[in-house]
Amino acid sequence: MKERDALAPTEELPEDAQLYTTQPSIFMDTTPESYPDGWTECLVSPDAKAFILSQPEFPAPLLRPSALQYRLSPTPDKGLGLFCTAKIRANDLILSERPLTLTPTSSSTRMRFLKELDAREQYLAATHEWEKSLKFLFDRLYPDYQAAFMGLANSHKHDGSGLVGGIIRTNGLGVILPPNKYSLEEQQTRRKGVYSAVCKEISRVNHSCSPNTTAHFDVITFSFQLFAVRDIAQGEELTLTYTDLKAPAEMRQSDLEPYGFHCTCSACATSCTSDALRERSMTMQIDNIDDGLLKLALLEEQGLESSGQYCKTLETVMELYIGIGDADNASTCAKKLVNRRWSSLASGAKLYTSPLAIEKFHPLWKGGGNRDLERGADNLECSFGGLELGQAE
Ligand SMILES: C[S@@+](CC[C@H](N)C(=O)[O-])C[C@H]1O[C@@H](n2cnc3c(N)ncnc32)[C@H](O)[C@@H]1O
């Protein structure tokens with residue numbers, strides 16, 4: 001381990017180096033009271049740090065929701081959870097916060113093991129070394145942040161994870177840095193660019209296979225933002241998914257095992273019917289507007305508005321309306337997409353929220369150009385990203 005100037009260029013560092021860095025950077029005497037937006041202790045690769053610092057507006061102030069609309073309360077069977085204190089409307093920003101920590105989801109340290117160690121012993125040795133790196137990061141946290149971190153749930157107390165590693169595995173939300181640098185395959189198999197962010201508040205959100213919120217990491221403000229994906233009634237619990245919503249119930253349950261619970265949400269309780277409906281709504285081919293509208297209705301019925309498929313389908317329906325020259329309905333779809341600010345497809349739809357703009361500028365207007373149904377696919381199906389999750393957000 002080497003100490004180096006925080007502002008020194010990162011290019012000459014080896015690709016597998018990891019940097020301890022505070023982002024946004026703060027003065028020595030900064031406190032959570034003097035800087036309420038907070039800051040994050042990070043362990044990141046040189047290219048991830050360079051990417052963060054290269055954002056022109058970084059660090060922008062946190063985006064604040066218009067009102068505080070949730071509280072932390074005990075649940076009957078899931079520990080603590082967040083509950084809605086007033087009706088929240090679809091697409092509302094519920095809360096935003098800078099993570100306490102941001103760490104790779106797996107250790108990149110190359111280790112040589114004694115030949116006589118078996119696989120389990122090698123795992124424990126590697127985990128032990130990884131815990132030392134994480135403990136170093138934990139020690140850098142401001143004391144109030146250390147207390148908040150230690151107060152979070154830990155479902156890895158008895159598997160050799162270590163205390164800091166266990167809390168990260170239980171509470172980490174997935175972040176890809178830098179985005180678009182690594183292929184999905186590299187992210188999934190070699191965990192390239194895949195990070196885990198632990199948050200004081202959002203990490204309290206419990207899991208559902210039909211979640212009513214989605215969490216999105218915004219690099220410019222360096223914060224996780226929690227959005228409602230449909231209307232949420234007062235008193236209802238806020239939920240996120242920790243697993244791949246496309247998978248059948250049995251696979252989802254096995255993905256959730258490391259979190260130490262068996263999911264009893266309505267989709268899991270009725271898996272003999274819901275698995276087939278879920279698969280149909282996620283994979284249904286869209287050949288015309290009616291198909292698209294049916295797919296949106298099926299996704300809503302299954303509580304899958306948080307899935308990337310929902311936005312992708314909205315975009316496809318918008319393009320189909322444009323193709324037949326129906327600018328009014330197309331602009332309604334564009335507005336719905338724009339409201340889903342967390343989606344990568346929202347910014348592309350911004351230009352087309354007025355029928356006039358569609359008629360004048362959209363290349364597909366009345367059948368111009370080629371509509372590519374696969375374009376713009378969101379592969380962001382899952383929000384929680386501890387070590388356990390096989391899929392990246
Ligand atoms: C990220 S934490 C969520 C907040 C946690 N309930 C707390 O008290 O801080 C994840 C842990 O919450 C619990 N949990 C989350 N979703 C659950 C669910 N649907 N059913 C049962 N337990 C759940 C499990 O213990 C899991 O390991």
# chains A, B, ... in the order shown; residues from 1 in each chain; ligands from 1
call {"tool": "select_by_dssp", "arguments": {"residues": "range 8-86 of chain A", "states": "helix (DSSP H, G or I)", "output": "PDB file with C-alpha atoms, in the first residue's frame"}}
result
ATOM      1  CA  PRO A  46      -7.826   4.360 -11.245  1.00  0.00           C
ATOM      2  CA  ASP A  47     -10.139   4.538 -14.270  1.00  0.00           C
ATOM      3  CA  ALA A  48     -13.238   4.737 -12.058  1.00  0.00           C
ATOM      4  CA  LYS A  49     -11.719   7.649 -10.117  1.00  0.00           C
ATOM      5  CA  ALA A  50     -10.650   9.380 -13.324  1.00  0.00           C
ATOM      6  CA  PHE A  51     -14.174   8.920 -14.705  1.00  0.00           C
ATOM      7  CA  ILE A  52     -15.791  10.437 -11.600  1.00  0.00           C
ATOM      8  CA  LEU A  53     -13.491  13.470 -11.625  1.00  0.00           C
ATOM      9  CA  SER A  54     -13.909  13.987 -15.369  1.00  0.00           C
TER      10      SER A  54
END
call {"tool": "residues_around", "arguments": {"residues": "Gln225 in chain A", "least_positions_apart": "6", "cutoff": "9 Å", "atoms": "only C-alpha atoms", "output": "list in words"}}
result
Leu63, Leu93, Ile94, Leu95, Ser96, Glu97, Arg98, Ile202, Thr214, Ala215, His216, Phe217, Asp218 and Trp342 of chain A
call {"tool": "write_last_selection", "arguments": {"atoms": "N, CA and C atoms", "output": "short mmCIF file (atom, residue, chain, number, x, y, z; two decimals), in the first residue's frame"}}
result
data_model
loop_
_atom_site.label_atom_id
_atom_site.label_comp_id
_atom_site.auth_asym_id
_atom_site.auth_seq_id
_atom_site.Cartn_x
_atom_site.Cartn_y
_atom_site.Cartn_z
N LEU A 63 -29.93 16.33 -5.31
CA LEU A 63 -31.28 16.69 -5.72
C LEU A 63 -32.19 16.33 -4.55
N LEU A 93 -39.29 11.50 -6.84
CA LEU A 93 -38.03 11.22 -6.14
C LEU A 93 -38.37 11.12 -4.65
N ILE A 94 -38.06 9.98 -4.04
CA ILE A 94 -38.41 9.79 -2.62
C ILE A 94 -37.27 10.24 -1.72
N LEU A 95 -36.07 9.87 -2.07
CA LEU A 95 -34.92 10.34 -1.29
C LEU A 95 -33.66 10.21 -2.12
N SER A 96 -32.66 11.01 -1.76
CA SER A 96 -31.36 10.87 -2.41
C SER A 96 -30.28 11.02 -1.34
N GLU A 97 -29.22 10.28 -1.48
CA GLU A 97 -28.16 10.35 -0.48
C GLU A 97 -26.84 9.87 -1.06
N ARG A 98 -25.76 10.45 -0.55
CA ARG A 98 -24.43 9.96 -0.91
C ARG A 98 -24.18 8.69 -0.11
N ILE A 202 -31.21 4.21 2.07
CA ILE A 202 -31.74 3.34 1.00
C ILE A 202 -31.42 1.88 1.30
N THR A 214 -37.30 2.13 -7.44
CA THR A 214 -36.04 1.74 -8.10
C THR A 214 -34.96 2.70 -7.63
N ALA A 215 -33.74 2.19 -7.50
CA ALA A 215 -32.63 3.04 -7.03
C ALA A 215 -31.67 3.25 -8.18
N HIS A 216 -31.25 4.49 -8.34
CA HIS A 216 -30.40 4.84 -9.49
C HIS A 216 -29.20 5.63 -8.96
N PHE A 217 -27.99 5.27 -9.42
CA PHE A 217 -26.80 6.02 -8.99
C PHE A 217 -26.52 7.13 -9.98
N ASP A 218 -26.39 8.34 -9.46
CA ASP A 218 -26.13 9.52 -10.30
C ASP A 218 -24.71 10.00 -9.99
N TRP A 342 -34.86 8.06 -14.15
CA TRP A 342 -33.75 7.13 -13.86
C TRP A 342 -33.39 6.29 -15.08
#
call {"tool": "residues_near_ligand", "arguments": {"ligand": "ligand 1", "cutoff": "6 Å", "atoms": "only C-alpha atoms and all ligand atoms", "output": "PyMOL selection string"}}
result
chain A and resi 78-81+152-153+155+170-171+203-208+259-261+263
call {"tool": "residues_around", "arguments": {"residues": "Arg340 in chain A", "least_positions_apart": "5", "cutoff": "10 Å", "atoms": "only C-alpha atoms", "output": "PDB file with N, CA and C atoms, in the first residue's frame"}}
result
ATOM      1  N   ALA A  90     -46.287   8.041  -8.724  1.00  0.00           N
ATOM      2  CA  ALA A  90     -45.346   7.379  -9.623  1.00  0.00           C
ATOM      3  C   ALA A  90     -44.315   8.377 -10.131  1.00  0.00           C
ATOM      4  N   ASN A  91     -43.060   7.965 -10.191  1.00  0.00           N
ATOM      5  CA  ASN A  91     -41.915   8.734 -10.703  1.00  0.00           C
ATOM      6  C   ASN A  91     -41.376   9.783  -9.733  1.00  0.00           C
ATOM      7  N   ASP A  92     -42.033   9.973  -8.568  1.00  0.00           N
ATOM      8  CA  ASP A  92     -41.509  10.952  -7.604  1.00  0.00           C
ATOM      9  C   ASP A  92     -40.146  10.502  -7.083  1.00  0.00           C
ATOM     10  N   PHE A 227     -36.580   6.316  -6.553  1.00  0.00           N
ATOM     11  CA  PHE A 227     -37.778   6.816  -7.238  1.00  0.00           C
ATOM     12  C   PHE A 227     -38.935   5.838  -7.054  1.00  0.00           C
ATOM     13  N   ALA A 228     -40.155   6.374  -7.008  1.00  0.00           N
ATOM     14  CA  ALA A 228     -41.350   5.517  -7.005  1.00  0.00           C
ATOM     15  C   ALA A 228     -41.622   5.090  -8.436  1.00  0.00           C
ATOM     16  N   VAL A 229     -41.854   3.794  -8.669  1.00  0.00           N
ATOM     17  CA  VAL A 229     -42.135   3.366 -10.047  1.00  0.00           C
ATOM     18  C   VAL A 229     -43.640   3.289 -10.319  1.00  0.00           C
ATOM     19  N   SER A 306     -40.608  -1.417 -12.491  1.00  0.00           N
ATOM     20  CA  SER A 306     -39.206  -1.024 -12.257  1.00  0.00           C
ATOM     21  C   SER A 306     -38.271  -1.664 -13.279  1.00  0.00           C
ATOM     22  N   CYS A 311     -39.642   0.472 -19.647  1.00  0.00           N
ATOM     23  CA  CYS A 311     -39.260   1.680 -20.401  1.00  0.00           C
ATOM     24  C   CYS A 311     -38.992   1.346 -21.862  1.00  0.00           C
ATOM     25  N   LYS A 335     -43.651  11.624 -23.015  1.00  0.00           N
ATOM     26  CA  LYS A 335     -43.734  12.286 -21.698  1.00  0.00           C
ATOM     27  C   LYS A 335     -43.594  11.263 -20.574  1.00  0.00           C
ATOM     28  N   LEU A 345     -33.280   5.719 -21.185  1.00  0.00           N
ATOM     29  CA  LEU A 345     -34.055   6.086 -22.380  1.00  0.00           C
ATOM     30  C   LEU A 345     -34.771   7.433 -22.227  1.00  0.00           C
ATOM     31  N   ALA A 346     -34.786   7.957 -20.989  1.00  0.00           N
ATOM     32  CA  ALA A 346     -35.562   9.180 -20.746  1.00  0.00           C
ATOM     33  C   ALA A 346     -35.004  10.368 -21.517  1.00  0.00           C
ATOM     34  N   SER A 347     -33.669  10.500 -21.560  1.00  0.00           N
ATOM     35  CA  SER A 347     -33.113  11.713 -22.175  1.00  0.00           C
ATOM     36  C   SER A 347     -33.394  11.736 -23.684  1.00  0.00           C
TER      37      SER A 347
END
call {"tool": "residues_around", "arguments": {"residues": "range 195-201 of chain A", "least_positions_apart": "5", "cutoff": "9 Å", "atoms": "only C-alpha atoms", "output": "PyMOL selection string"}}
result
chain A and resi 42+44+72+82+95-106+145+148-149+151-152+167-177+224+384-387
call {"tool": "write_last_selection", "arguments": {"atoms": "N, CA and C atoms", "output": "mmCIF file, in the first residue's frame"}}
result
data_model
loop_
_atom_site.group_PDB
_atom_site.id
_atom_site.type_symbol
_atom_site.label_atom_id
_atom_site.label_comp_id
_atom_site.auth_asym_id
_atom_site.auth_seq_id
_atom_site.Cartn_x
_atom_site.Cartn_y
_atom_site.Cartn_z
ATOM 1 N N CYS A 42 -14.416 5.743 -0.707
ATOM 2 C CA CYS A 42 -14.426 4.846 -1.873
ATOM 3 C C CYS A 42 -13.145 4.035 -1.951
ATOM 4 N N VAL A 44 -11.687 2.381 -5.245
ATOM 5 C CA VAL A 44 -12.037 2.261 -6.671
ATOM 6 C C VAL A 44 -10.794 2.117 -7.542
ATOM 7 N N LEU A 72 -38.519 5.354 8.959
ATOM 8 C CA LEU A 72 -37.922 4.043 9.241
ATOM 9 C C LEU A 72 -38.696 3.431 10.396
ATOM 10 N N LEU A 82 -38.485 0.894 5.337
ATOM 11 C CA LEU A 82 -38.965 2.267 5.113
ATOM 12 C C LEU A 82 -40.438 2.221 4.716
ATOM 13 N N LEU A 95 -36.068 9.872 -2.066
ATOM 14 C CA LEU A 95 -34.918 10.341 -1.295
ATOM 15 C C LEU A 95 -33.655 10.210 -2.119
ATOM 16 N N SER A 96 -32.656 11.014 -1.759
ATOM 17 C CA SER A 96 -31.355 10.871 -2.408
ATOM 18 C C SER A 96 -30.284 11.022 -1.339
ATOM 19 N N GLU A 97 -29.222 10.275 -1.482
ATOM 20 C CA GLU A 97 -28.160 10.348 -0.482
ATOM 21 C C GLU A 97 -26.842 9.873 -1.059
ATOM 22 N N ARG A 98 -25.759 10.452 -0.549
ATOM 23 C CA ARG A 98 -24.428 9.960 -0.906
ATOM 24 C C ARG A 98 -24.183 8.689 -0.115
ATOM 25 N N PRO A 99 -23.661 7.634 -0.759
ATOM 26 C CA PRO A 99 -23.390 6.404 -0.008
ATOM 27 C C PRO A 99 -22.359 6.650 1.099
ATOM 28 N N LEU A 100 -22.370 5.779 2.100
ATOM 29 C CA LEU A 100 -21.315 5.826 3.122
ATOM 30 C C LEU A 100 -20.031 5.272 2.518
ATOM 31 N N THR A 101 -20.170 4.147 1.798
ATOM 32 C CA THR A 101 -18.991 3.496 1.204
ATOM 33 C C THR A 101 -19.291 3.050 -0.224
ATOM 34 N N LEU A 102 -18.228 2.988 -1.017
ATOM 35 C CA LEU A 102 -18.324 2.446 -2.384
ATOM 36 C C LEU A 102 -17.109 1.538 -2.574
ATOM 37 N N THR A 103 -17.347 0.251 -2.765
ATOM 38 C CA THR A 103 -16.246 -0.714 -2.825
ATOM 39 C C THR A 103 -16.481 -1.709 -3.963
ATOM 40 N N PRO A 104 -15.417 -2.307 -4.483
ATOM 41 C CA PRO A 104 -15.622 -3.328 -5.525
ATOM 42 C C PRO A 104 -16.418 -4.491 -4.943
ATOM 43 N N THR A 105 -17.201 -5.169 -5.792
ATOM 44 C CA THR A 105 -17.983 -6.286 -5.253
ATOM 45 C C THR A 105 -17.119 -7.528 -5.041
ATOM 46 N N SER A 106 -15.904 -7.515 -5.555
ATOM 47 C CA SER A 106 -15.024 -8.622 -5.182
ATOM 48 C C SER A 106 -13.595 -8.110 -5.173
ATOM 49 N N TYR A 145 -20.645 8.401 10.614
ATOM 50 C CA TYR A 145 -20.895 7.481 9.496
ATOM 51 C C TYR A 145 -20.514 6.043 9.897
ATOM 52 N N ALA A 148 -23.446 4.763 11.791
ATOM 53 C CA ALA A 148 -24.574 4.447 10.892
ATOM 54 C C ALA A 148 -24.304 3.132 10.161
ATOM 55 N N PHE A 149 -23.069 2.966 9.707
ATOM 56 C CA PHE A 149 -22.689 1.753 8.973
ATOM 57 C C PHE A 149 -22.854 0.525 9.863
ATOM 58 N N GLY A 151 -24.715 0.133 12.332
ATOM 59 C CA GLY A 151 -26.112 -0.088 12.730
ATOM 60 C C GLY A 151 -26.920 -0.836 11.672
ATOM 61 N N LEU A 152 -26.320 -1.038 10.488
ATOM 62 C CA LEU A 152 -27.078 -1.700 9.414
ATOM 63 C C LEU A 152 -27.137 -3.221 9.624
ATOM 64 N N ILE A 167 -21.517 -6.576 6.240
ATOM 65 C CA ILE A 167 -22.480 -5.460 6.137
ATOM 66 C C ILE A 167 -22.548 -4.971 4.685
ATOM 67 N N ILE A 168 -21.399 -4.948 4.012
ATOM 68 C CA ILE A 168 -21.422 -4.530 2.600
ATOM 69 C C ILE A 168 -22.211 -5.541 1.767
ATOM 70 N N ARG A 169 -21.993 -6.827 2.023
ATOM 71 C CA ARG A 169 -22.703 -7.847 1.226
ATOM 72 C C ARG A 169 -24.206 -7.790 1.461
ATOM 73 N N THR A 170 -24.609 -7.431 2.667
ATOM 74 C CA THR A 170 -26.047 -7.390 2.973
ATOM 75 C C THR A 170 -26.714 -6.142 2.413
ATOM 76 N N ASN A 171 -25.981 -5.030 2.391
ATOM 77 C CA ASN A 171 -26.618 -3.738 2.125
ATOM 78 C C ASN A 171 -26.199 -3.051 0.835
ATOM 79 N N GLY A 172 -25.236 -3.642 0.108
ATOM 80 C CA GLY A 172 -24.680 -2.940 -1.048
ATOM 81 C C GLY A 172 -25.632 -2.850 -2.231
ATOM 82 N N LEU A 173 -25.688 -1.657 -2.821
ATOM 83 C CA LEU A 173 -26.458 -1.450 -4.058
ATOM 84 C C LEU A 173 -25.466 -1.381 -5.213
ATOM 85 N N GLY A 174 -25.833 -1.957 -6.354
ATOM 86 C CA GLY A 174 -24.903 -2.066 -7.477
ATOM 87 C C GLY A 174 -24.652 -0.752 -8.211
ATOM 88 N N VAL A 175 -23.370 -0.511 -8.537
ATOM 89 C CA VAL A 175 -22.975 0.662 -9.341
ATOM 90 C C VAL A 175 -21.946 0.171 -10.360
ATOM 91 N N ILE A 176 -22.057 0.609 -11.611
ATOM 92 C CA ILE A 176 -21.058 0.248 -12.617
ATOM 93 C C ILE A 176 -20.192 1.485 -12.917
ATOM 94 N N LEU A 177 -18.882 1.334 -12.738
ATOM 95 C CA LEU A 177 -17.956 2.450 -12.978
ATOM 96 C C LEU A 177 -16.698 1.970 -13.692
ATOM 97 N N PHE A 224 -27.163 8.070 -4.593
ATOM 98 C CA PHE A 224 -28.223 7.156 -4.982
ATOM 99 C C PHE A 224 -29.539 7.885 -4.854
ATOM 100 N N PHE A 384 -30.268 -3.935 -6.361
ATOM 101 C CA PHE A 384 -29.350 -4.251 -5.286
ATOM 102 C C PHE A 384 -28.182 -5.018 -5.851
ATOM 103 N N GLY A 385 -26.979 -4.740 -5.409
ATOM 104 C CA GLY A 385 -25.831 -5.413 -5.985
ATOM 105 C C GLY A 385 -24.778 -5.732 -4.963
ATOM 106 N N GLY A 386 -25.081 -6.576 -4.029
ATOM 107 C CA GLY A 386 -24.068 -7.048 -3.098
ATOM 108 C C GLY A 386 -23.188 -8.038 -3.835
ATOM 109 N N LEU A 387 -22.291 -8.682 -3.133
ATOM 110 C CA LEU A 387 -21.425 -9.688 -3.737
ATOM 111 C C LEU A 387 -22.215 -10.815 -4.359
#
call {"tool": "atom_distance", "arguments": {"atom1": "CA of Tyr352 in chain A", "atom2": "CA of Ala330 in chain A"}}
result
8.1 Å
call {"tool": "select_by_dssp", "arguments": {"residues": "range 185-319 of chain A", "states": "strand (DSSP E or B)", "output": "ChimeraX atom specification"}}
result
/A:194-198,206-207,213-218,223-228,232,237,239-240
call {"tool": "atom_distance", "arguments": {"atom1": "CA of Ile220 in chain A", "atom2": "CA of Thr22 in chain A"}}
result
14.8 Å
call {"tool": "decode", "arguments": {"residues": "range 227-255 of chain A", "atoms": "N, CA and C atoms", "output": "short mmCIF file (atom, residue, chain, number, x, y, z; two decimals), in the first residue's frame"}}
result
data_model
loop_
_atom_site.label_atom_id
_atom_site.label_comp_id
_atom_site.auth_asym_id
_atom_site.auth_seq_id
_atom_site.Cartn_x
_atom_site.Cartn_y
_atom_site.Cartn_z
N PHE A 227 -36.58 6.32 -6.55
CA PHE A 227 -37.78 6.82 -7.24
C PHE A 227 -38.93 5.84 -7.05
N ALA A 228 -40.16 6.37 -7.01
CA ALA A 228 -41.35 5.52 -7.00
C ALA A 228 -41.62 5.09 -8.44
N VAL A 229 -41.85 3.79 -8.67
CA VAL A 229 -42.13 3.37 -10.05
C VAL A 229 -43.64 3.29 -10.32
N ARG A 230 -44.45 3.40 -9.26
CA ARG A 230 -45.91 3.50 -9.41
C ARG A 230 -46.42 4.27 -8.20
N ASP A 231 -47.71 4.58 -8.16
CA ASP A 231 -48.25 5.27 -6.99
C ASP A 231 -48.07 4.38 -5.77
N ILE A 232 -47.74 4.99 -4.64
CA ILE A 232 -47.55 4.22 -3.40
C ILE A 232 -48.45 4.84 -2.33
N ALA A 233 -49.27 4.01 -1.70
CA ALA A 233 -50.25 4.53 -0.73
C ALA A 233 -49.58 4.85 0.61
N GLN A 234 -50.18 5.76 1.34
CA GLN A 234 -49.69 6.09 2.68
C GLN A 234 -49.68 4.82 3.53
N GLY A 235 -48.61 4.59 4.26
CA GLY A 235 -48.52 3.40 5.12
C GLY A 235 -47.89 2.19 4.43
N GLU A 236 -47.85 2.21 3.09
CA GLU A 236 -47.27 1.08 2.36
C GLU A 236 -45.75 1.05 2.56
N GLU A 237 -45.20 -0.16 2.57
CA GLU A 237 -43.75 -0.26 2.70
C GLU A 237 -43.07 0.00 1.35
N LEU A 238 -41.93 0.69 1.37
CA LEU A 238 -41.15 0.90 0.15
C LEU A 238 -40.31 -0.36 -0.09
N THR A 239 -40.26 -0.81 -1.34
CA THR A 239 -39.51 -2.03 -1.63
C THR A 239 -38.66 -1.87 -2.90
N LEU A 240 -37.58 -2.65 -2.93
CA LEU A 240 -36.66 -2.70 -4.07
C LEU A 240 -36.45 -4.16 -4.42
N THR A 241 -35.88 -4.43 -5.57
CA THR A 241 -35.52 -5.83 -5.81
C THR A 241 -34.05 -6.07 -5.50
N TYR A 242 -33.76 -7.24 -4.92
CA TYR A 242 -32.36 -7.62 -4.70
C TYR A 242 -31.95 -8.67 -5.74
N THR A 243 -32.85 -9.01 -6.64
CA THR A 243 -32.56 -10.11 -7.54
C THR A 243 -33.05 -9.81 -8.95
N ASP A 244 -32.85 -10.78 -9.85
CA ASP A 244 -33.23 -10.59 -11.24
C ASP A 244 -34.73 -10.86 -11.40
N LEU A 245 -35.48 -9.83 -11.73
CA LEU A 245 -36.94 -9.99 -11.78
C LEU A 245 -37.41 -10.86 -12.95
N LYS A 246 -36.53 -11.08 -13.91
CA LYS A 246 -36.91 -11.94 -15.05
C LYS A 246 -36.90 -13.42 -14.67
N ALA A 247 -36.15 -13.75 -13.61
CA ALA A 247 -35.95 -15.17 -13.26
C ALA A 247 -37.21 -15.75 -12.63
N PRO A 248 -37.41 -17.08 -12.77
CA PRO A 248 -38.55 -17.72 -12.09
C PRO A 248 -38.35 -17.73 -10.57
N ALA A 249 -39.44 -17.98 -9.83
CA ALA A 249 -39.42 -17.85 -8.37
C ALA A 249 -38.32 -18.70 -7.72
N GLU A 250 -38.15 -19.92 -8.22
CA GLU A 250 -37.16 -20.81 -7.59
C GLU A 250 -35.75 -20.20 -7.67
N MET A 251 -35.43 -19.64 -8.83
CA MET A 251 -34.11 -19.04 -9.02
C MET A 251 -33.96 -17.77 -8.17
N ARG A 252 -35.06 -17.01 -8.09
CA ARG A 252 -35.00 -15.79 -7.27
C ARG A 252 -34.74 -16.17 -5.81
N GLN A 253 -35.44 -17.23 -5.34
CA GLN A 253 -35.25 -17.63 -3.94
C GLN A 253 -33.80 -18.04 -3.71
N SER A 254 -33.20 -18.73 -4.68
CA SER A 254 -31.83 -19.19 -4.43
C SER A 254 -30.87 -17.99 -4.46
N ASP A 255 -31.16 -16.99 -5.30
CA ASP A 255 -30.37 -15.74 -5.33
C ASP A 255 -30.46 -15.00 -3.99
#
